[in-house]
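This report concerns only the one structure given below.
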Amino acid sequence: MKSGKAIEAGLLDGEEKNLYEEKMANLESARAFVRETTHDRIRLDHWFRQGGNGWEKLPQEIRSKFHVELWPILEADFKYEGHIARQLAEVERFRKQEGASIPGDFDYDGISGLKAEAKVRFGKIRPRTLGQAARISGITPADVNLLMIQLEKRRRERAMKG
């Protein structure tokens with residue numbers, strides 16, 4: 001089991017650490033249970049994703065398997081599992097690209113779909129990396145994505161030439 005940041009930082013010890021570890025172990029058991037158990041002929045992890053289904057609607061014999069404080073966590077975990085996975089993948093992709101350099105002579109006006117305001121800000125500030133570009137006030141994630149795509153396109157074109 002992965003320990004929490006509070007434990008790693010030494011903020012939890014003794015009884016608090018034991019309670020945290022016990023709750024995490026119970027949560028993992030509950031997640032496995034949800035993935036293996038069916039209700040209305042549907043596995044619970046899929047059942048939670050259907051509109052209008054919440055842990056309160058589960059039969060008492062299922063709800064009683066785990067403490068009441070775990071069920072809202074489980075519901076949210078499974079209901080939004082796809083969204084969370086996509087967001088984490090996007091964060092990881094950006095983390096890998098954050099240090100990607102932007103040539104000093106890069107033509108921001110040539111980026112199709114980029115807002116005029118973003119073109120002006122990029123042109124004025126001339127960020128050296130995607131990470132710097134992302135931290136410019138008024139620049140949106142969509143602006144950074146367009147820039148990232150254009151940089152990748154430029155890199156591929158140059159690789160094909162040389």
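Quick note on naming: the chains in the structure tokens go A, B, ... in the order shown, residues restart at 1 in each chain, and ligands are numbered from 1 in order of appearance.
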
Helix (DSSP H, G or I) per DSSP on the backbone: members of chain A, as number ranges by chain: A: 5-8, 14-36, 44-47, 55-57, 60-63, 70-79, 81-97, 108-110, 116-125, 130-134, 141-161

Can you pull out every residue from stretch 1-149 of chain A that DSSP, working from the backbone, puts in strand (DSSP E or B), and format the result as a PDB file with N, CA and C atoms, in the first residue's frame?
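Everything below was put into states_33.pdb:
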```pdb
ATOM      1  N   THR A  38     -21.966  -7.791  -8.289  1.00  0.00           N
ATOM      2  CA  THR A  38     -23.000  -7.303  -9.206  1.00  0.00           C
ATOM      3  C   THR A  38     -24.247  -6.893  -8.432  1.00  0.00           C
ATOM      4  N   HIS A  39     -24.956  -5.951  -9.024  1.00  0.00           N
ATOM      5  CA  HIS A  39     -26.248  -5.490  -8.516  1.00  0.00           C
ATOM      6  C   HIS A  39     -27.081  -5.171  -9.749  1.00  0.00           C
ATOM      7  N   ILE A  42     -25.431  -6.004 -13.039  1.00  0.00           N
ATOM      8  CA  ILE A  42     -24.339  -5.150 -13.519  1.00  0.00           C
ATOM      9  C   ILE A  42     -23.289  -5.082 -12.418  1.00  0.00           C
ATOM     10  N   ARG A  43     -22.016  -5.183 -12.803  1.00  0.00           N
ATOM     11  CA  ARG A  43     -20.961  -5.008 -11.799  1.00  0.00           C
ATOM     12  C   ARG A  43     -21.090  -3.615 -11.200  1.00  0.00           C
ATOM     13  N   SER A 101      11.664  22.862 -25.219  1.00  0.00           N
ATOM     14  CA  SER A 101      12.074  24.226 -25.555  1.00  0.00           C
ATOM     15  C   SER A 101      11.312  24.763 -26.758  1.00  0.00           C
ATOM     16  N   THR A 129      10.204  27.735 -22.771  1.00  0.00           N
ATOM     17  CA  THR A 129       9.718  26.355 -22.636  1.00  0.00           C
ATOM     18  C   THR A 129       8.195  26.347 -22.593  1.00  0.00           C
TER      19      THR A 129
END
```

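Proximity of A:Lys65, A:Arg41, A:Lys115, A:Arg93 to A:Asp143, computed with only C-alpha atoms, is greatest for A:Lys115.
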
Among listed residues A:Thr140, A:Thr37, A:Asn26, A:Gln50, nearest A:Phe122 (using only C-alpha atoms):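 Among A:Thr140, A:Thr37, A:Asn26, A:Gln50, it is A:Thr140 that comes nearest to A:Phe122.
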
Neighbour list for A:Gly99 as a VMD selection string, cut-off 12 Å, only C-alpha atoms, skip fewer than 5 positions in-chain: chain A and resid 93 to 94 127 to 134 148

May I have the residues from that selection written out with all heavy atoms, as a short mmCIF file (atom, residue, chain, number, x, y, z; two decimals), in the first residue's frame?
```
data_model
loop_
_atom_site.label_atom_id
_atom_site.label_comp_id
_atom_site.auth_asym_id
_atom_site.auth_seq_id
_atom_site.Cartn_x
_atom_site.Cartn_y
_atom_site.Cartn_z
N ARG A 93 1.33 13.82 -19.53
CA ARG A 93 1.79 14.24 -20.86
C ARG A 93 2.38 15.64 -20.78
O ARG A 93 3.45 15.91 -21.32
CB ARG A 93 0.64 14.21 -21.86
CG ARG A 93 1.06 14.55 -23.28
CD ARG A 93 -0.11 14.38 -24.22
NE ARG A 93 -1.06 15.46 -24.09
CZ ARG A 93 -1.35 16.31 -25.06
NH1 ARG A 93 -0.80 16.20 -26.24
NH2 ARG A 93 -2.21 17.27 -24.86
N PHE A 94 1.70 16.53 -20.07
CA PHE A 94 2.21 17.89 -19.94
C PHE A 94 3.51 17.92 -19.13
O PHE A 94 4.44 18.64 -19.45
CB PHE A 94 1.18 18.84 -19.33
CG PHE A 94 1.70 20.25 -19.27
CD1 PHE A 94 1.76 21.02 -20.42
CD2 PHE A 94 2.17 20.78 -18.08
CE1 PHE A 94 2.27 22.30 -20.39
CE2 PHE A 94 2.68 22.06 -18.04
CZ PHE A 94 2.73 22.83 -19.19
N PRO A 127 8.29 32.91 -24.37
CA PRO A 127 8.70 31.88 -23.40
C PRO A 127 9.71 30.92 -24.04
O PRO A 127 9.66 30.66 -25.24
CB PRO A 127 7.38 31.17 -23.07
CG PRO A 127 6.51 31.42 -24.25
CD PRO A 127 6.90 32.78 -24.76
N ARG A 128 10.61 30.41 -23.20
CA ARG A 128 11.63 29.49 -23.71
C ARG A 128 11.21 28.04 -23.63
O ARG A 128 11.79 27.19 -24.30
CB ARG A 128 12.93 29.71 -22.96
CG ARG A 128 13.55 31.06 -23.29
CD ARG A 128 14.95 31.16 -22.76
NE ARG A 128 14.95 31.08 -21.30
CZ ARG A 128 15.55 31.96 -20.51
NH1 ARG A 128 16.20 32.96 -21.03
NH2 ARG A 128 15.50 31.83 -19.21
N THR A 129 10.20 27.73 -22.77
CA THR A 129 9.72 26.35 -22.64
C THR A 129 8.19 26.35 -22.59
O THR A 129 7.57 27.38 -22.33
CB THR A 129 10.25 25.68 -21.35
OG1 THR A 129 9.66 26.35 -20.22
CG2 THR A 129 11.76 25.70 -21.27
N LEU A 130 7.63 25.17 -22.80
CA LEU A 130 6.17 25.04 -22.68
C LEU A 130 5.71 25.34 -21.26
O LEU A 130 4.63 25.90 -21.06
CB LEU A 130 5.72 23.64 -23.09
CG LEU A 130 5.56 23.39 -24.57
CD1 LEU A 130 5.25 21.92 -24.83
CD2 LEU A 130 4.48 24.27 -25.16
N GLY A 131 6.51 24.95 -20.28
CA GLY A 131 6.16 25.24 -18.89
C GLY A 131 6.05 26.73 -18.64
O GLY A 131 5.11 27.18 -17.99
N GLN A 132 6.99 27.50 -19.17
CA GLN A 132 6.92 28.96 -19.03
C GLN A 132 5.69 29.50 -19.75
O GLN A 132 5.00 30.37 -19.24
CB GLN A 132 8.18 29.62 -19.59
CG GLN A 132 9.40 29.43 -18.74
CD GLN A 132 10.65 30.02 -19.37
OE1 GLN A 132 10.65 30.44 -20.52
NE2 GLN A 132 11.72 30.05 -18.60
N ALA A 133 5.42 28.98 -20.93
CA ALA A 133 4.26 29.43 -21.71
C ALA A 133 2.96 29.18 -20.93
O ALA A 133 2.06 30.02 -20.93
CB ALA A 133 4.22 28.71 -23.06
N ALA A 134 2.88 28.04 -20.26
CA ALA A 134 1.67 27.69 -19.53
C ALA A 134 1.43 28.59 -18.33
O ALA A 134 0.29 28.76 -17.89
CB ALA A 134 1.76 26.24 -19.06
N MET A 148 1.87 23.24 -28.20
CA MET A 148 2.54 21.95 -28.11
C MET A 148 2.40 21.18 -29.42
O MET A 148 3.37 20.61 -29.92
CB MET A 148 1.94 21.15 -26.94
CG MET A 148 2.71 19.92 -26.59
SD MET A 148 2.25 19.09 -25.02
CE MET A 148 0.59 19.57 -24.69
#
```

Residue nearest A:Gly54 - candidates A:Ala142, A:Ala100, A:Leu151, A:Leu74, atoms counted: only C-alpha atoms: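 Of A:Ala142, A:Ala100, A:Leu151, A:Leu74, the one nearest A:Gly54, counting only C-alpha atoms, is A:Leu74.
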
Between atom CA of A:Leu70 and atom CA of A:Ala30 - distance in Å to one decimal: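 Taking atom CA of A:Ala30 and atom CA of A:Leu70, their separation equals 7.9 Å.
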
Polymer residues at most 9 Å from A:Glu75, only C-alpha atoms, same-chain spacing of 5 or more positions, as a CSV table (one decimal) with all heavy atoms, in the first residue's frame:
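File written: around27.csv
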```
chain,number,residue,atom,x,y,z
A,45,ASP,N,-19.0,-1.4,-10.2
A,45,ASP,CA,-18.2,-0.3,-10.8
A,45,ASP,C,-18.8,0.3,-12.0
A,45,ASP,O,-18.7,1.5,-12.2
A,45,ASP,CB,-16.7,-0.8,-11.1
A,45,ASP,CG,-16.6,-2.0,-12.0
A,45,ASP,OD1,-17.6,-2.8,-12.1
A,45,ASP,OD2,-15.6,-2.1,-12.7
A,48,PHE,N,-22.3,2.2,-10.8
A,48,PHE,CA,-22.1,3.6,-10.3
A,48,PHE,C,-22.1,4.6,-11.4
A,48,PHE,O,-22.4,5.8,-11.2
A,48,PHE,CB,-20.9,3.7,-9.4
A,48,PHE,CG,-21.0,3.3,-8.0
A,48,PHE,CD1,-20.2,2.3,-7.5
A,48,PHE,CD2,-22.0,3.8,-7.2
A,48,PHE,CE1,-20.3,1.9,-6.1
A,48,PHE,CE2,-22.2,3.4,-5.9
A,48,PHE,CZ,-21.3,2.4,-5.3
A,49,ARG,N,-21.6,4.2,-12.6
A,49,ARG,CA,-21.5,5.2,-13.7
A,49,ARG,C,-22.8,5.5,-14.4
A,49,ARG,O,-22.9,6.5,-15.2
A,49,ARG,CB,-20.5,4.6,-14.7
A,49,ARG,CG,-19.1,4.5,-14.2
A,49,ARG,CD,-18.2,4.0,-15.3
A,49,ARG,NE,-16.9,3.6,-14.7
A,49,ARG,CZ,-16.4,2.4,-14.7
A,49,ARG,NH1,-17.0,1.5,-15.4
A,49,ARG,NH2,-15.2,2.2,-14.1
A,53,ASN,N,-27.6,6.6,-10.2
A,53,ASN,CA,-27.3,5.5,-9.2
A,53,ASN,C,-26.3,6.0,-8.2
A,53,ASN,O,-25.3,6.6,-8.6
A,53,ASN,CB,-26.6,4.3,-9.9
A,53,ASN,CG,-27.6,3.5,-10.7
A,53,ASN,OD1,-28.8,3.7,-10.5
A,53,ASN,ND2,-27.2,2.7,-11.6
A,54,GLY,N,-26.6,5.8,-6.9
A,54,GLY,CA,-25.7,6.3,-5.9
A,54,GLY,C,-25.7,5.2,-4.8
A,54,GLY,O,-26.6,4.3,-4.7
A,55,TRP,N,-24.7,5.3,-3.9
A,55,TRP,CA,-24.5,4.2,-2.9
A,55,TRP,C,-25.7,4.1,-2.0
A,55,TRP,O,-26.0,3.0,-1.5
A,55,TRP,CB,-23.2,4.5,-2.1
A,55,TRP,CG,-23.3,5.7,-1.2
A,55,TRP,CD1,-23.0,7.0,-1.5
A,55,TRP,CD2,-23.7,5.7,0.1
A,55,TRP,NE1,-23.2,7.8,-0.5
A,55,TRP,CE2,-23.6,7.1,0.6
A,55,TRP,CE3,-24.2,4.8,1.0
A,55,TRP,CZ2,-24.0,7.5,1.9
A,55,TRP,CZ3,-24.5,5.2,2.3
A,55,TRP,CH2,-24.4,6.5,2.7
A,70,LEU,N,-17.0,5.1,3.7
A,70,LEU,CA,-16.3,4.6,2.5
A,70,LEU,C,-17.2,4.7,1.3
A,70,LEU,O,-16.6,4.9,0.1
A,70,LEU,CB,-15.8,3.2,2.7
A,70,LEU,CG,-14.7,3.0,3.7
A,70,LEU,CD1,-14.3,1.5,3.7
A,70,LEU,CD2,-13.5,3.9,3.5
A,80,TYR,N,-16.4,8.7,-11.6
A,80,TYR,CA,-15.5,9.6,-12.3
A,80,TYR,C,-14.2,8.9,-12.7
A,80,TYR,O,-13.3,9.7,-13.1
A,80,TYR,CB,-15.3,10.8,-11.5
A,80,TYR,CG,-16.6,11.5,-11.2
A,80,TYR,CD1,-17.1,11.5,-9.9
A,80,TYR,CD2,-17.4,12.1,-12.2
A,80,TYR,CE1,-18.3,12.1,-9.6
A,80,TYR,CE2,-18.6,12.7,-11.9
A,80,TYR,CZ,-19.1,12.7,-10.6
A,80,TYR,OH,-20.3,13.2,-10.3
```

Atom CA of A:Lys23 to atom CA of A:Glu69, distance in Å rounded to a single decimal: 9.9 Å

Pick from A:Asp109, A:Arg156, A:Glu98, A:Ser29 nearest to A:Val144, counting only C-alpha atoms: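 Once distances to A:Val144 are computed over only C-alpha atoms, the minimum belongs to A:Glu98.
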
A:Arg126 surroundings by only C-alpha atoms, 9 Å radius, close-in-sequence under 6 positions cut, as number ranges by chain: A: 102, 104-106, 133

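Across the structure, atom CA of A:Lys153 and atom CA of A:Gly82 are spaced 28.4 Å apart.
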